[in-house]
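As provided, work.txt (compact mmCIF, C-alpha atoms) reads as follows.
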```
# COMPACT_ATOMS: atom_id res chain seq x y z
CA MET D 1 28.85 1.83 -8.96
CA LYS D 2 25.85 3.26 -7.10
CA ILE D 3 24.18 -0.15 -7.10
CA VAL D 4 27.36 -1.81 -5.80
CA LEU D 5 27.66 0.71 -2.97
CA PHE D 6 23.98 0.29 -2.14
CA VAL D 7 24.26 -3.50 -1.98
CA VAL D 8 27.40 -3.30 0.18
CA CYS D 9 25.66 -0.95 2.62
CA ALA D 10 22.54 -3.12 2.66
CA LEU D 11 24.55 -6.26 3.34
CA THR D 12 26.45 -4.51 6.13
CA CYS D 13 23.19 -3.58 7.85
CA ILE D 14 21.79 -7.08 7.43
CA LEU D 15 24.94 -8.74 8.74
CA ALA D 16 24.89 -6.43 11.76
CA ALA D 17 21.42 -7.73 12.55
CA VAL D 18 22.36 -11.40 12.24
CA SER D 19 23.84 -11.63 15.73
CA SER D 20 20.61 -10.36 17.30
CA PHE D 21 18.26 -12.55 15.25
CA THR D 22 17.43 -16.18 15.94
CA PHE D 23 16.35 -18.65 13.28
CA ASP D 24 12.97 -20.27 13.85
CA PRO D 25 13.73 -24.02 13.74
CA ALA D 26 10.12 -24.72 12.80
CA LEU D 27 10.85 -23.07 9.45
CA ASP D 28 13.97 -25.09 8.61
CA GLU D 29 12.19 -27.48 6.23
CA ASP D 30 10.24 -24.62 4.62
CA TRP D 31 13.47 -22.75 3.98
CA ILE D 32 15.09 -25.80 2.39
CA SER D 33 12.01 -26.42 0.23
CA TRP D 34 11.86 -22.76 -0.87
CA THR D 35 15.56 -22.60 -1.83
CA SER D 36 15.19 -25.86 -3.74
CA LEU D 37 12.03 -24.74 -5.54
CA HIS D 38 13.62 -21.52 -6.78
CA GLY D 39 17.10 -22.90 -7.39
CA LYS D 40 18.74 -20.64 -4.82
CA GLN D 41 22.44 -21.13 -4.18
CA TYR D 42 24.40 -18.99 -1.74
CA GLY D 43 27.99 -18.41 -0.79
CA LYS D 44 29.35 -19.52 2.56
CA ASN D 45 28.67 -16.21 4.32
CA GLU D 46 25.50 -15.29 2.45
CA GLU D 47 22.96 -17.91 3.40
CA ASN D 48 22.44 -16.76 6.99
CA TRP D 49 21.39 -13.21 6.14
CA ARG D 50 19.32 -14.41 3.17
CA ARG D 51 17.52 -16.78 5.54
CA ILE D 52 16.95 -13.94 7.98
CA THR D 53 15.47 -11.73 5.26
CA TRP D 54 13.27 -14.57 3.99
CA GLN D 55 11.99 -15.33 7.50
CA LYS D 56 11.13 -11.68 8.21
CA ASN D 57 9.29 -11.41 4.88
CA LEU D 58 7.39 -14.62 5.56
CA LYS D 59 6.17 -13.33 8.93
CA LYS D 60 4.91 -10.11 7.31
CA ILE D 61 3.12 -12.10 4.60
CA GLU D 62 1.44 -14.34 7.16
CA ARG D 63 0.33 -11.34 9.22
CA HIS D 64 -1.13 -9.65 6.14
CA ASN D 65 -3.04 -12.77 5.11
CA LEU D 66 -4.42 -13.16 8.62
CA GLU D 67 -5.72 -9.60 8.41
CA HIS D 68 -7.11 -10.39 4.95
CA SER D 69 -9.10 -13.26 6.45
CA MET D 70 -10.53 -10.71 8.91
CA GLY D 71 -11.66 -8.47 6.04
CA LYS D 72 -8.96 -5.81 6.44
CA HIS D 73 -7.46 -6.20 2.96
CA THR D 74 -8.79 -6.87 -0.55
CA PHE D 75 -5.83 -8.97 -1.67
CA ARG D 76 -3.57 -11.75 -0.50
CA MET D 77 0.20 -12.01 -0.43
CA GLU D 78 2.38 -15.07 -0.97
CA MET D 79 6.03 -15.99 -0.60
CA ASN D 80 7.69 -16.01 -4.03
CA HIS D 81 11.14 -16.01 -5.65
CA PHE D 82 11.81 -12.52 -4.23
CA GLY D 83 11.57 -13.80 -0.66
CA ASP D 84 15.26 -13.41 0.19
CA MET D 85 15.40 -9.76 -0.87
CA THR D 86 14.79 -6.72 1.34
CA SER D 87 12.44 -4.05 0.03
CA GLU D 88 15.40 -1.70 -0.50
CA GLU D 89 17.37 -4.27 -2.46
CA PHE D 90 14.32 -5.29 -4.47
CA ASN D 91 13.47 -1.74 -5.49
CA GLN D 92 17.07 -0.94 -6.41
CA ILE D 93 17.36 -3.96 -8.71
CA MET D 94 13.89 -4.69 -10.08
CA ASN D 95 12.16 -1.32 -10.48
CA GLY D 96 13.79 0.55 -13.34
CA PHE D 97 11.29 3.14 -14.53
CA VAL D 98 12.74 6.66 -14.61
CA GLN D 99 10.19 9.45 -14.21
CA ARG D 100 10.16 12.23 -16.76
CA THR D 101 9.27 15.83 -16.05
CA PRO D 102 5.49 16.32 -15.80
CA GLN D 103 3.92 16.21 -19.24
CA SER D 104 2.20 19.23 -20.73
CA THR D 105 -1.54 18.88 -21.16
CA ASN D 106 -1.16 20.82 -24.41
CA GLY D 107 1.56 18.60 -25.85
CA PRO D 108 1.24 17.58 -29.52
CA ARG D 109 1.45 13.90 -28.60
CA LEU D 110 -1.36 14.01 -26.05
CA TYR D 111 -4.13 11.47 -26.50
CA GLN D 112 -7.33 13.33 -27.39
CA TYR D 113 -10.55 11.53 -26.63
CA ASP D 114 -14.27 12.13 -26.77
CA VAL D 115 -16.45 10.65 -24.07
CA VAL D 116 -18.06 7.68 -25.76
CA GLU D 117 -19.62 4.52 -24.40
CA VAL D 118 -17.04 1.80 -23.84
CA PRO D 119 -17.42 -1.78 -22.57
CA GLN D 120 -17.89 -2.31 -18.83
CA THR D 121 -15.11 -4.88 -18.97
CA ILE D 122 -12.42 -5.65 -21.50
CA ASP D 123 -9.54 -8.11 -21.54
CA TRP D 124 -7.24 -8.02 -24.56
CA ARG D 125 -5.59 -11.29 -23.57
CA GLY D 126 -8.52 -13.27 -24.93
CA GLN D 127 -8.46 -11.39 -28.23
CA GLY D 128 -4.90 -12.16 -29.28
CA TYR D 129 -3.25 -8.85 -28.35
CA VAL D 130 -0.98 -10.09 -25.56
CA THR D 131 2.10 -12.34 -25.59
CA LYS D 132 2.99 -14.67 -22.73
CA VAL D 133 4.26 -13.29 -19.42
CA LYS D 134 8.00 -12.61 -19.57
CA ASN D 135 10.69 -12.29 -16.90
CA GLN D 136 13.12 -9.38 -16.72
CA GLY D 137 15.34 -11.21 -14.22
CA CYS D 138 17.67 -9.16 -12.03
CA CYS D 139 17.74 -6.27 -14.48
CA GLY D 140 15.92 -2.94 -14.24
CA SER D 141 14.54 -3.28 -17.77
CA CYS D 142 10.82 -3.10 -16.98
CA TRP D 143 10.58 -0.09 -19.33
CA ALA D 144 11.59 -2.31 -22.26
CA PHE D 145 9.02 -4.99 -21.44
CA SER D 146 6.26 -2.42 -21.10
CA ALA D 147 7.23 -0.85 -24.44
CA THR D 148 7.30 -4.15 -26.34
CA GLY D 149 4.00 -5.17 -24.75
CA SER D 150 2.05 -2.19 -26.05
CA LEU D 151 3.79 -2.33 -29.44
CA GLU D 152 3.04 -6.06 -29.77
CA GLY D 153 -0.62 -5.24 -29.22
CA GLN D 154 -0.68 -2.49 -31.83
CA ILE D 155 1.09 -4.62 -34.42
CA PHE D 156 -1.48 -7.37 -33.82
CA LYS D 157 -4.29 -4.85 -34.19
CA LYS D 158 -2.86 -3.70 -37.53
CA THR D 159 -1.72 -7.03 -39.04
CA GLY D 160 -3.50 -9.79 -37.14
CA GLN D 161 -0.14 -11.31 -36.20
CA LEU D 162 1.07 -11.54 -32.59
CA ILE D 163 4.86 -11.44 -32.62
CA SER D 164 7.01 -11.37 -29.49
CA LEU D 165 9.43 -8.45 -29.74
CA SER D 166 12.95 -8.21 -28.32
CA GLU D 167 13.45 -6.41 -25.02
CA GLN D 168 17.18 -7.13 -25.21
CA ASN D 169 17.26 -5.18 -28.48
CA LEU D 170 16.05 -2.15 -26.53
CA VAL D 171 18.32 -2.78 -23.53
CA ASP D 172 21.39 -2.90 -25.79
CA CYS D 173 20.48 -0.28 -28.38
CA SER D 174 18.18 2.40 -26.92
CA LEU D 175 20.72 5.14 -26.20
CA GLY D 176 18.11 7.35 -24.53
CA ASN D 177 17.79 4.74 -21.78
CA LYS D 178 20.23 3.07 -19.39
CA GLY D 179 19.71 -0.63 -20.05
CA CYS D 180 19.44 -2.60 -16.81
CA HIS D 181 19.80 0.63 -14.84
CA GLY D 182 16.42 1.99 -15.89
CA GLY D 183 14.70 3.94 -18.61
CA ARG D 184 11.52 5.41 -20.07
CA VAL D 185 8.96 3.83 -22.36
CA GLU D 186 8.78 6.94 -24.56
CA GLU D 187 12.53 6.78 -25.19
CA ALA D 188 12.10 3.18 -26.30
CA PHE D 189 9.45 4.23 -28.83
CA LYS D 190 11.66 7.10 -30.03
CA HIS D 191 14.53 4.67 -30.56
CA ILE D 192 12.39 2.25 -32.55
CA GLN D 193 11.11 5.10 -34.72
CA ARG D 194 14.62 6.51 -35.37
CA ASN D 195 16.06 3.06 -35.93
CA GLY D 196 13.34 2.00 -38.31
CA GLY D 197 12.39 -1.14 -36.41
CA ILE D 198 12.90 -3.66 -33.61
CA ASP D 199 13.93 -7.29 -33.89
CA THR D 200 11.91 -10.32 -32.84
CA GLU D 201 12.43 -12.07 -29.51
CA THR D 202 13.54 -15.20 -31.35
CA SER D 203 16.25 -13.44 -33.36
CA TYR D 204 17.47 -11.29 -30.46
CA PRO D 205 16.81 -13.31 -27.25
CA TYR D 206 16.77 -11.82 -23.78
CA THR D 207 19.85 -12.24 -21.58
CA GLY D 208 18.96 -9.87 -18.73
CA MET D 209 22.41 -8.27 -18.96
CA GLY D 210 23.38 -4.70 -19.74
CA GLY D 211 26.51 -3.24 -21.27
CA GLN D 212 26.41 -5.45 -24.35
CA PRO D 213 26.96 -4.19 -27.93
CA CYS D 214 23.89 -3.47 -30.04
CA ARG D 215 23.20 -6.41 -32.38
CA TYR D 216 20.13 -5.13 -34.18
CA ASN D 217 19.67 -6.75 -37.58
CA PRO D 218 17.08 -5.16 -39.92
CA GLN D 219 16.67 -8.55 -41.56
CA TYR D 220 14.81 -9.71 -38.44
CA SER D 221 12.87 -6.53 -37.75
CA ALA D 222 9.22 -7.30 -37.04
CA ALA D 223 7.74 -3.96 -35.99
CA ASN D 224 8.13 -0.22 -36.22
CA CYS D 225 6.34 2.79 -34.82
CA THR D 226 5.74 6.31 -36.06
CA GLY D 227 5.60 7.95 -32.66
CA TYR D 228 3.54 7.70 -29.49
CA LYS D 229 0.73 9.37 -27.58
CA SER D 230 0.50 10.12 -23.88
CA ILE D 231 -2.64 9.88 -21.76
CA PRO D 232 -3.57 13.06 -19.81
CA GLU D 233 -1.66 12.74 -16.58
CA GLY D 234 -3.61 11.17 -13.73
CA SER D 235 -6.83 10.67 -15.72
CA GLU D 236 -8.21 7.17 -15.18
CA PRO D 237 -11.25 7.84 -17.43
CA ALA D 238 -8.88 8.77 -20.28
CA LEU D 239 -6.79 5.67 -19.61
CA ALA D 240 -9.90 3.47 -19.67
CA MET D 241 -10.96 5.06 -22.95
CA ALA D 242 -7.55 4.42 -24.49
CA VAL D 243 -7.45 0.81 -23.28
CA ALA D 244 -10.94 0.17 -24.67
CA LEU D 245 -10.41 1.86 -28.04
CA VAL D 246 -6.70 1.39 -28.70
CA GLY D 247 -5.56 -1.75 -26.88
CA PRO D 248 -2.92 -2.53 -24.24
CA VAL D 249 -1.29 0.63 -22.85
CA SER D 250 2.12 1.09 -21.22
CA VAL D 251 1.92 2.57 -17.71
CA ALA D 252 4.12 3.08 -14.68
CA VAL D 253 3.29 2.35 -11.05
CA ASP D 254 4.78 2.62 -7.59
CA ALA D 255 5.92 -0.95 -6.94
CA SER D 256 7.96 -0.10 -3.85
CA PRO D 257 5.62 -1.38 -1.08
CA LEU D 258 6.39 -4.84 0.29
CA THR D 259 2.78 -5.73 -0.47
CA PHE D 260 3.48 -5.23 -4.19
CA GLN D 261 6.62 -7.38 -4.06
CA PHE D 262 4.64 -10.31 -2.63
CA TYR D 263 1.21 -9.71 -4.20
CA HIS D 264 -0.59 -12.96 -5.00
CA SER D 265 -4.30 -12.49 -5.72
CA GLY D 266 -7.31 -10.20 -5.27
CA ILE D 267 -7.65 -6.49 -6.02
CA TYR D 268 -4.51 -4.66 -4.95
CA HIS D 269 -4.97 -1.50 -2.92
CA ASP D 270 -2.43 -0.13 -0.47
CA TYR D 271 -2.57 3.35 1.05
CA MET D 272 1.24 3.35 1.11
CA CYS D 273 1.35 3.11 -2.69
CA SER D 274 2.18 6.53 -4.13
CA SER D 275 0.16 8.08 -6.95
CA SER D 276 3.01 10.39 -7.99
CA LYS D 277 6.34 8.67 -7.27
CA VAL D 278 6.31 5.74 -9.69
CA ASN D 279 9.25 3.42 -10.32
CA HIS D 280 8.11 0.40 -12.33
CA ALA D 281 6.72 0.08 -15.86
CA VAL D 282 3.98 -2.46 -16.62
CA LEU D 283 1.21 -3.00 -19.17
CA VAL D 284 -2.54 -2.45 -18.78
CA VAL D 285 -4.28 -5.17 -20.81
CA GLY D 286 -7.85 -4.54 -19.66
CA TYR D 287 -10.17 -3.66 -16.81
CA GLY D 288 -13.25 -5.04 -15.06
CA SER D 289 -15.19 -5.18 -11.81
CA TYR D 290 -16.41 -7.48 -9.04
CA GLY D 291 -19.69 -7.24 -7.15
CA GLU D 292 -22.75 -5.08 -7.65
CA GLY D 293 -24.18 -1.77 -6.45
CA GLN D 294 -22.42 -0.25 -3.46
CA ALA D 295 -20.14 -3.29 -3.15
CA VAL D 296 -18.69 -3.07 -6.66
CA GLN D 297 -14.89 -3.14 -6.90
CA ASN D 298 -13.30 -1.92 -10.11
CA TYR D 299 -9.86 -3.04 -11.23
CA TRP D 300 -7.20 -2.72 -13.92
CA ILE D 301 -5.65 -5.89 -15.34
CA ILE D 302 -1.88 -5.46 -15.16
CA LYS D 303 0.67 -7.58 -17.01
CA ASN D 304 3.99 -7.56 -15.16
CA SER D 305 7.47 -8.72 -16.22
CA TRP D 306 8.48 -10.64 -13.09
CA GLY D 307 7.64 -14.10 -14.39
CA GLU D 308 4.63 -16.34 -13.82
CA ASN D 309 5.60 -17.11 -10.21
CA TRP D 310 4.58 -13.60 -9.18
CA GLY D 311 0.95 -12.58 -8.67
CA MET D 312 -1.82 -14.27 -10.62
CA ASN D 313 0.43 -16.14 -13.06
CA GLY D 314 2.30 -12.91 -13.72
CA TYR D 315 -0.73 -10.59 -13.58
CA MET D 316 -2.25 -8.24 -11.01
CA LEU D 317 -5.70 -6.78 -10.49
CA LEU D 318 -5.08 -3.20 -9.34
CA ALA D 319 -7.79 -0.99 -7.85
CA LYS D 320 -9.42 1.24 -10.49
CA ASN D 321 -11.06 4.63 -9.90
CA MET D 322 -9.49 4.95 -6.44
CA ASN D 323 -7.58 8.23 -6.72
CA ASN D 324 -5.08 6.98 -9.29
CA GLN D 325 -3.90 4.07 -7.13
CA CYS D 326 -0.11 3.55 -7.41
CA GLY D 327 0.03 6.25 -10.12
CA ILE D 328 -1.50 3.93 -12.72
CA ALA D 329 -2.60 6.86 -14.92
CA SER D 330 0.31 9.21 -14.26
CA TYR D 331 2.63 8.09 -17.08
CA ALA D 332 0.46 6.16 -19.52
CA VAL D 333 1.56 5.99 -23.17
CA TYR D 334 1.09 3.87 -26.29
CA PRO D 335 2.85 3.68 -29.68
CA LEU D 336 1.55 4.74 -33.06
CA VAL D 337 1.97 2.30 -35.93
```

Show me the file's structure as structure tokens.
Amino acid sequence: MKIVLFVVCALTCILAAVSSFTFDPALDEDWISWTSLHGKQYGKNEENWRRITWQKNLKKIERHNLEHSMGKHTFRMEMNHFGDMTSEEFNQIMNGFVQRTPQSTNGPRLYQYDVVEVPQTIDWRGQGYVTKVKNQGCCGSCWAFSATGSLEGQIFKKTGQLISLSEQNLVDCSLGNKGCHGGRVEEAFKHIQRNGGIDTETSYPYTGMGGQPCRYNPQYSAANCTGYKSIPEGSEPALAMAVALVGPVSVAVDASPLTFQFYHSGIYHDYMCSSSKVNHAVLVVGYGSYGEGQAVQNYWIIKNSWGENWGMNGYMLLAKNMNNQCGIASYAVYPLV
């Protein structure tokens, strides 16, 4: 109901702006090409305000990229399949991570680490730990994709088999979460532990819809977990240690800035990205750096769940060791198997 009311209010505001906004005829062919490319179909009264939103977003993207060419930014933006969505609408629908209360640094599940030498760069994608990029669709189930991603990595580490796990299983069955209306990665791990397993993607395919009955079948269960461990809140060194020694780690970030919505390439860094108010769960699959000496730029390799048309074929390089950019280390966790 809250989402419906939000969308109605958003549409009312957009429609009110239609009369004062003029289409740029030079963009007519681009609009037609974009809607065709992404299979967009609109109702009779919807296309005008979708076009307006798309045009405004395009202008912001072009301005950002012009500034990037002048050396003002470390990353580029690009129009993608989210182009007809306002930032408010996008965040309401796509970003479904629910923050927990701040974790205790003395908690029994806290990741304990000794400072040891770890690789300068690591990328678990090339070592068999990471499944293909998935797409959550118009469902706030990012928490489920992040959870399966880190569990897939740990199962591979233990068995040598990379098996794609079912996010829909979690959306339908994890009672501690709210399906397409958001959730927490830890609650997903708790559910898997209590349930005694999670089905494969093949046996329980993703529909991107909530409110469906749980169809878990232990016959097709491919993974289990015995608990989870949290990374000390806000500690990027601890996160790097965990990624290097454990494997892919579930994290949450602030994905609310428009720059995140239309990120395309380069190392993402935006001063408007909050380090404490996170709203989207993703997966850290490695880290690395560009340059040398004073010009070195460190980054995290982020696997997202918005499909391959977003970012670098579904991935992002996010600034590392820059005051916990976007809250990358604020809610990091991985499963125990």

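Atom CA of Ser250 of chain D lies 7.1 Å from atom CA of Ala281 of chain D.
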
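Take atom CA of Gln297 of chain D and atom CA of Leu317 of chain D: the distance between them is 10.5 Å.
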
From atom CA of Arg51 of chain D to atom CA of Asn309 of chain D the spacing works out at 19.8 Å

Considering all atoms listed in the file, tabulate each residue of segment 20-45 of chain D that lies at most 10 Å from segment 78-101 of chain D along with its nearest interatomic pair and the corresponding distance in Å to one decimal; arrange the rows by chain and ascending residue number and present them as a Markdown table.
```
| residue | atom | partner | partner_atom | distance |
| --- | --- | --- | --- | --- |
| D:Trp34 | CA | D:His81 | CA | 8.3 |
| D:Thr35 | CA | D:His81 | CA | 8.8 |
| D:Leu37 | CA | D:His81 | CA | 8.8 |
| D:His38 | CA | D:His81 | CA | 6.1 |
| D:Gly39 | CA | D:His81 | CA | 9.3 |
| D:Lys40 | CA | D:His81 | CA | 8.9 |
```

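Ranking D:Gly311, D:Gly71, D:Gly234, D:Gly197 by their shortest atom-to-atom distance to Leu151 of chain D, with only C-alpha atoms included, puts D:Gly197 first.
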
Which residues of segment 214-260 of chain D come within 10 Å of segment 119-143 of chain D, and for each one, what is the closest pair of atoms and their distance in Å to one decimal, counting all atoms listed in the file, sorted by chain and residue number, as a Markdown table?
```
| residue | atom | partner | partner_atom | distance |
| --- | --- | --- | --- | --- |
| D:Ala240 | CA | D:Pro119 | CA | 9.6 |
| D:Met241 | CA | D:Pro119 | CA | 9.4 |
| D:Val243 | CA | D:Ile122 | CA | 8.3 |
| D:Ala244 | CA | D:Ile122 | CA | 6.8 |
| D:Leu245 | CA | D:Pro119 | CA | 9.6 |
| D:Gly247 | CA | D:Trp124 | CA | 6.9 |
| D:Pro248 | CA | D:Trp124 | CA | 7.0 |
| D:Ser250 | CA | D:Trp143 | CA | 8.7 |
| D:Val251 | CA | D:Trp143 | CA | 9.2 |
| D:Ala252 | CA | D:Trp143 | CA | 8.6 |
```
